[in-house]
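Q: My structure is in model11.cif, and what it holds is mmCIF, C-alpha atoms and all ligand atoms:
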data_my_file
#
loop_
_atom_site.label_atom_id
_atom_site.label_comp_id
_atom_site.auth_asym_id
_atom_site.auth_seq_id
_atom_site.Cartn_x
_atom_site.Cartn_y
_atom_site.Cartn_z
CA MET A 1 -32.79 -10.33 -18.25
CA LYS A 2 -31.18 -9.20 -21.47
CA LYS A 3 -32.16 -5.60 -20.74
CA LEU A 4 -30.55 -5.79 -17.29
CA LEU A 5 -27.36 -7.09 -18.83
CA ILE A 6 -27.29 -4.26 -21.34
CA VAL A 7 -27.85 -1.70 -18.57
CA LEU A 8 -24.99 -3.23 -16.54
CA VAL A 9 -22.65 -3.14 -19.52
CA ILE A 10 -23.52 0.51 -20.16
CA ILE A 11 -22.86 1.37 -16.51
CA PHE A 12 -19.55 -0.53 -16.55
CA VAL A 13 -18.40 1.22 -19.70
CA GLY A 14 -19.68 4.57 -18.42
CA ILE A 15 -17.77 4.48 -15.15
CA GLN A 16 -14.53 3.90 -17.06
CA PHE A 17 -14.73 7.57 -18.06
CA ILE A 18 -14.73 8.85 -14.47
CA PRO A 19 -11.23 10.27 -13.98
CA VAL A 20 -9.02 8.58 -11.39
CA GLU A 21 -5.73 10.01 -10.22
CA ARG A 22 -2.90 7.49 -10.49
CA THR A 23 0.18 9.50 -9.70
CA ASN A 24 3.74 8.65 -8.76
CA PRO A 25 5.08 11.95 -7.40
CA PRO A 26 8.86 12.46 -7.17
CA VAL A 27 10.76 10.75 -4.36
CA THR A 28 11.90 13.47 -1.97
CA GLN A 29 13.81 11.22 0.41
CA GLU A 30 13.91 7.44 0.32
CA ILE A 31 13.79 5.69 3.69
CA ASN A 32 17.23 4.79 4.95
CA ALA A 33 17.05 1.20 6.18
CA PRO A 34 19.08 -2.02 5.83
CA GLU A 35 18.60 -3.75 2.47
CA GLN A 36 16.81 -6.70 4.10
CA VAL A 37 14.23 -4.40 5.68
CA LYS A 38 13.80 -2.38 2.55
CA SER A 39 13.09 -5.38 0.39
CA ILE A 40 10.28 -6.44 2.75
CA LEU A 41 8.79 -2.95 2.75
CA LYS A 42 9.11 -2.79 -1.01
CA LYS A 43 7.17 -5.95 -1.70
CA ALA A 44 4.55 -5.57 1.03
CA CYS A 45 4.04 -1.84 1.59
CA TYR A 46 5.35 0.28 -1.27
CA ASP A 47 2.24 0.04 -3.44
CA CYS A 48 0.36 2.18 -0.90
CA HIS A 49 3.11 3.83 1.15
CA SER A 50 5.53 5.16 -1.43
CA ASN A 51 5.64 7.25 -4.58
CA GLU A 52 6.64 4.14 -6.53
CA THR A 53 3.26 2.47 -6.75
CA ASN A 54 3.04 -0.34 -9.25
CA TRP A 55 -0.21 0.56 -11.02
CA VAL A 56 -0.97 -2.87 -12.48
CA TRP A 57 -3.65 -3.27 -15.17
CA TYR A 58 -6.64 -3.92 -12.90
CA THR A 59 -5.96 -0.69 -10.99
CA LYS A 60 -6.93 1.00 -14.24
CA VAL A 61 -10.32 -0.69 -14.47
CA ALA A 62 -13.26 0.87 -12.63
CA PRO A 63 -14.54 0.20 -10.00
CA VAL A 64 -11.30 -1.42 -8.73
CA SER A 65 -9.46 1.74 -9.79
CA PHE A 66 -11.54 3.85 -7.38
CA LEU A 67 -10.66 1.61 -4.44
CA THR A 68 -6.95 1.30 -5.19
CA ALA A 69 -6.52 5.02 -5.88
CA SER A 70 -8.16 5.95 -2.60
CA ASP A 71 -6.08 3.36 -0.67
CA VAL A 72 -2.89 4.77 -2.16
CA LYS A 73 -3.90 8.37 -1.49
CA GLU A 74 -4.79 7.61 2.12
CA GLY A 75 -1.83 5.29 2.63
CA ARG A 76 0.63 7.94 1.43
CA GLU A 77 -0.92 10.53 3.71
CA HIS A 78 -0.34 8.33 6.75
CA LEU A 79 3.09 6.98 5.86
CA ASN A 80 5.33 7.50 2.85
CA PHE A 81 8.67 5.73 2.51
CA SER A 82 9.49 8.01 -0.44
CA GLU A 83 9.07 11.15 1.66
CA TRP A 84 11.02 10.06 4.69
CA ASP A 85 12.02 13.69 5.34
CA ARG A 86 8.47 14.11 6.68
CA VAL A 87 9.19 11.90 9.71
CA LYS A 88 12.36 13.68 10.78
CA GLY A 89 12.69 13.53 14.57
CA LYS A 90 9.84 11.02 14.88
CA GLU A 91 11.57 8.11 13.23
CA SER A 92 11.67 5.75 16.20
CA LYS A 93 8.00 6.32 16.93
CA VAL A 94 7.06 5.70 13.30
CA LYS A 95 9.12 2.49 13.27
CA GLU A 96 7.30 1.36 16.38
CA GLU A 97 3.95 2.04 14.69
CA ILE A 98 5.06 0.07 11.65
CA TRP A 99 5.95 -2.90 13.81
CA GLU A 100 2.63 -2.71 15.69
CA GLU A 101 0.63 -2.74 12.44
CA VAL A 102 2.59 -5.73 11.16
CA ARG A 103 2.46 -7.59 14.49
CA ASP A 104 -1.33 -7.15 14.72
CA GLU A 105 -1.66 -8.20 11.04
CA LYS A 106 -3.42 -4.94 10.21
CA MET A 107 -0.84 -4.13 7.54
CA PRO A 108 -0.66 -4.99 4.74
CA PRO A 109 -4.48 -4.95 4.61
CA TRP A 110 -6.13 -8.38 4.16
CA GLN A 111 -7.69 -7.53 0.80
CA TYR A 112 -4.23 -6.68 -0.50
CA ARG A 113 -2.77 -9.92 0.87
CA ILE A 114 -5.38 -11.98 -0.99
CA ILE A 115 -4.17 -10.69 -4.34
CA HIS A 116 -0.49 -10.29 -3.47
CA SER A 117 0.70 -13.52 -1.89
CA GLU A 118 4.24 -12.11 -1.62
CA ALA A 119 2.88 -9.51 0.83
CA LYS A 120 2.04 -12.23 3.37
CA LEU A 121 4.98 -11.86 5.70
CA SER A 122 6.64 -14.94 7.15
CA ASP A 123 7.63 -15.12 10.82
CA GLU A 124 11.23 -14.58 9.78
CA GLU A 125 10.35 -11.43 7.86
CA LYS A 126 8.29 -10.16 10.77
CA ASN A 127 11.28 -10.75 13.07
CA ILE A 128 13.49 -8.69 10.77
CA LEU A 129 11.01 -5.80 11.02
CA ARG A 130 10.72 -6.19 14.77
CA ASN A 131 14.48 -6.03 15.28
CA TRP A 132 14.71 -3.03 12.98
CA ALA A 133 11.97 -1.26 14.94
CA GLY A 134 13.95 -2.00 18.11
CA GLU A 135 11.09 -3.83 19.84
C1 LIG B 201 -3.36 -1.73 -0.03
C2 LIG B 201 -2.70 -0.58 0.50
C3 LIG B 201 -1.78 -0.71 1.69
C4 LIG B 201 -0.69 -1.55 1.84
C5 LIG B 201 -0.15 -2.56 0.87
C6 LIG B 201 -0.13 -1.25 3.13
N1 LIG B 201 -0.85 -0.25 3.74
FE1 LIG B 201 -0.46 0.64 5.53
N2 LIG B 201 -2.09 1.85 5.33
C7 LIG B 201 -2.95 1.86 4.25
C8 LIG B 201 -4.01 2.82 4.49
C9 LIG B 201 -5.16 3.12 3.53
C10 LIG B 201 -3.75 3.40 5.75
C11 LIG B 201 -4.55 4.45 6.49
C12 LIG B 201 -5.82 3.96 7.04
C13 LIG B 201 -5.66 2.87 8.06
O1 LIG B 201 -4.96 3.07 9.07
O2 LIG B 201 -6.20 1.80 7.82
C14 LIG B 201 -2.54 2.77 6.25
C15 LIG B 201 -1.94 3.08 7.46
C16 LIG B 201 -0.73 2.57 7.89
C17 LIG B 201 -0.02 3.03 9.06
C18 LIG B 201 -0.38 4.21 9.90
C19 LIG B 201 -1.37 4.00 10.94
C20 LIG B 201 -1.69 5.34 11.54
O3 LIG B 201 -2.42 5.32 12.49
O4 LIG B 201 -1.24 6.39 11.05
C21 LIG B 201 1.10 2.27 9.19
C22 LIG B 201 2.18 2.36 10.27
C23 LIG B 201 1.11 1.35 8.07
N3 LIG B 201 -0.01 1.56 7.29
C24 LIG B 201 2.10 0.44 7.83
C25 LIG B 201 2.13 -0.41 6.73
C26 LIG B 201 3.18 -1.37 6.51
C27 LIG B 201 4.39 -1.57 7.41
C28 LIG B 201 2.86 -2.05 5.36
C29 LIG B 201 3.63 -3.19 4.72
C30 LIG B 201 4.01 -4.29 5.59
C31 LIG B 201 1.62 -1.48 4.85
N4 LIG B 201 1.21 -0.51 5.72
C32 LIG B 201 0.98 -1.87 3.69
C33 LIG B 201 -2.83 1.08 3.11
C34 LIG B 201 -1.87 0.11 2.89
#
Kindly return the structure encoded in the file as structure tokens.
Ligand code: HEC

A:
Amino acid sequence: MKKLLIVLVIIFVGIQFIPVERTNPPVTQEINAPEQVKSILKKACYDCHSNETNWVWYTKVAPVSFLTASDVKEGREHLNFSEWDRVKGKESKVKEEIWEEVRDEKMPPWQYRIIHSEAKLSDEEKNILRNWAGE
């Protein structure tokens, strides 16, 4: 039992040395949206869909760091409110997608909502996003 514990501690310490990329690249173009909409996106989406991720302490501790870094990497690839120039010409379609994800409670992801209670959107906040998306 004691041996197992020692092995686990060694593994835990060991994985801390595996490099994890926690970047916040420059903002190329911030999304242009009403302040009300932006504040909702900021508190519920920006950690994974912007270049202004708040890398809190536990995102620096393996193995949580592996999961958060990969969520952010993938999230930014799909949608990045800090690189809004990438959606030029497709803005209304992207807004529609955003609303659909929120409506179906797929975004923000459930595991994120458990830790970040402020990311649980109220009906009123959802309505604000729906109106903004033009649905
Ligand atoms: C914990 C990280 C995280 C948070 C917070 C988060 N997302 Fe995501 N989002 C992802 C990941 C990862 C993907 C890509 C994989 C997937 O679709 O599940 C994604 C995909 C998306 C997509 C694209 C779907 C597609 O098919 O391209 C939309 C739209 C989206 N998110 C909207 C939002 C909105 C709106 C919020 C805030 C209300 C939000 N997300 C919050 C991680 C996150």

Q: Of the candidates A:Tyr58, A:Trp110, A:Trp132, A:Phe81, which one gets nearest to A:Ile31 if we count all atoms listed in the file?

A: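 That would be A:Phe81, the residue with the smallest distance to A:Ile31.
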
Q: Would you mind listing the residues within 10 Å of ligand LIG 201 (chain B), counting all atoms listed in the file, as an MDAnalysis selection string?

A: chainID A and resid 40:50 53 67:81 93:103 105:113 115:116 119:121 125:126 129

Q: Put those residues in a file: C-alpha atoms, as a PDB file, in the frame of the given file.

A:
ATOM      1  CA  ILE A  40      10.280  -6.440   2.750  1.00  0.00           C
ATOM      2  CA  LEU A  41       8.790  -2.950   2.750  1.00  0.00           C
ATOM      3  CA  LYS A  42       9.110  -2.790  -1.010  1.00  0.00           C
ATOM      4  CA  LYS A  43       7.170  -5.950  -1.700  1.00  0.00           C
ATOM      5  CA  ALA A  44       4.550  -5.570   1.030  1.00  0.00           C
ATOM      6  CA  CYS A  45       4.040  -1.840   1.590  1.00  0.00           C
ATOM      7  CA  TYR A  46       5.350   0.280  -1.270  1.00  0.00           C
ATOM      8  CA  ASP A  47       2.240   0.040  -3.440  1.00  0.00           C
ATOM      9  CA  CYS A  48       0.360   2.180  -0.900  1.00  0.00           C
ATOM     10  CA  HIS A  49       3.110   3.830   1.150  1.00  0.00           C
ATOM     11  CA  SER A  50       5.530   5.160  -1.430  1.00  0.00           C
ATOM     12  CA  THR A  53       3.260   2.470  -6.750  1.00  0.00           C
ATOM     13  CA  LEU A  67     -10.660   1.610  -4.440  1.00  0.00           C
ATOM     14  CA  THR A  68      -6.950   1.300  -5.190  1.00  0.00           C
ATOM     15  CA  ALA A  69      -6.520   5.020  -5.880  1.00  0.00           C
ATOM     16  CA  SER A  70      -8.160   5.950  -2.600  1.00  0.00           C
ATOM     17  CA  ASP A  71      -6.080   3.360  -0.670  1.00  0.00           C
ATOM     18  CA  VAL A  72      -2.890   4.770  -2.160  1.00  0.00           C
ATOM     19  CA  LYS A  73      -3.900   8.370  -1.490  1.00  0.00           C
ATOM     20  CA  GLU A  74      -4.790   7.610   2.120  1.00  0.00           C
ATOM     21  CA  GLY A  75      -1.830   5.290   2.630  1.00  0.00           C
ATOM     22  CA  ARG A  76       0.630   7.940   1.430  1.00  0.00           C
ATOM     23  CA  GLU A  77      -0.920  10.530   3.710  1.00  0.00           C
ATOM     24  CA  HIS A  78      -0.340   8.330   6.750  1.00  0.00           C
ATOM     25  CA  LEU A  79       3.090   6.980   5.860  1.00  0.00           C
ATOM     26  CA  ASN A  80       5.330   7.500   2.850  1.00  0.00           C
ATOM     27  CA  PHE A  81       8.670   5.730   2.510  1.00  0.00           C
ATOM     28  CA  LYS A  93       8.000   6.320  16.930  1.00  0.00           C
ATOM     29  CA  VAL A  94       7.060   5.700  13.300  1.00  0.00           C
ATOM     30  CA  LYS A  95       9.120   2.490  13.270  1.00  0.00           C
ATOM     31  CA  GLU A  96       7.300   1.360  16.380  1.00  0.00           C
ATOM     32  CA  GLU A  97       3.950   2.040  14.690  1.00  0.00           C
ATOM     33  CA  ILE A  98       5.060   0.070  11.650  1.00  0.00           C
ATOM     34  CA  TRP A  99       5.950  -2.900  13.810  1.00  0.00           C
ATOM     35  CA  GLU A 100       2.630  -2.710  15.690  1.00  0.00           C
ATOM     36  CA  GLU A 101       0.630  -2.740  12.440  1.00  0.00           C
ATOM     37  CA  VAL A 102       2.590  -5.730  11.160  1.00  0.00           C
ATOM     38  CA  ARG A 103       2.460  -7.590  14.490  1.00  0.00           C
ATOM     39  CA  GLU A 105      -1.660  -8.200  11.040  1.00  0.00           C
ATOM     40  CA  LYS A 106      -3.420  -4.940  10.210  1.00  0.00           C
ATOM     41  CA  MET A 107      -0.840  -4.130   7.540  1.00  0.00           C
ATOM     42  CA  PRO A 108      -0.660  -4.990   4.740  1.00  0.00           C
ATOM     43  CA  PRO A 109      -4.480  -4.950   4.610  1.00  0.00           C
ATOM     44  CA  TRP A 110      -6.130  -8.380   4.160  1.00  0.00           C
ATOM     45  CA  GLN A 111      -7.690  -7.530   0.800  1.00  0.00           C
ATOM     46  CA  TYR A 112      -4.230  -6.680  -0.500  1.00  0.00           C
ATOM     47  CA  ARG A 113      -2.770  -9.920   0.870  1.00  0.00           C
ATOM     48  CA  ILE A 115      -4.170 -10.690  -4.340  1.00  0.00           C
ATOM     49  CA  HIS A 116      -0.490 -10.290  -3.470  1.00  0.00           C
ATOM     50  CA  ALA A 119       2.880  -9.510   0.830  1.00  0.00           C
ATOM     51  CA  LYS A 120       2.040 -12.230   3.370  1.00  0.00           C
ATOM     52  CA  LEU A 121       4.980 -11.860   5.700  1.00  0.00           C
ATOM     53  CA  GLU A 125      10.350 -11.430   7.860  1.00  0.00           C
ATOM     54  CA  LYS A 126       8.290 -10.160  10.770  1.00  0.00           C
ATOM     55  CA  LEU A 129      11.010  -5.800  11.020  1.00  0.00           C
TER      56      LEU A 129
END

Q: Suppose you want the space between atom CA of A:Pro26 and atom CA of A:Ala133; what is it in Å?

A: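 Straight-line distance from atom CA of A:Pro26 to atom CA of A:Ala133 works out to 26.2 Å.
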
Q: Would you kindly identify which residues have an atom no farther than 8 Å from (16.1, 4.9, -2.2), using all atoms listed in the file and the file's own coordinates, and write them out as a PyMOL selection string?

A: chain A and resi 29-32+82

Q: One decimal, Å: what's the distance from atom CA of A:Ile11 over to atom CA of A:Pro63, could you say?

A: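 Those two atoms sit 10.6 Å apart.
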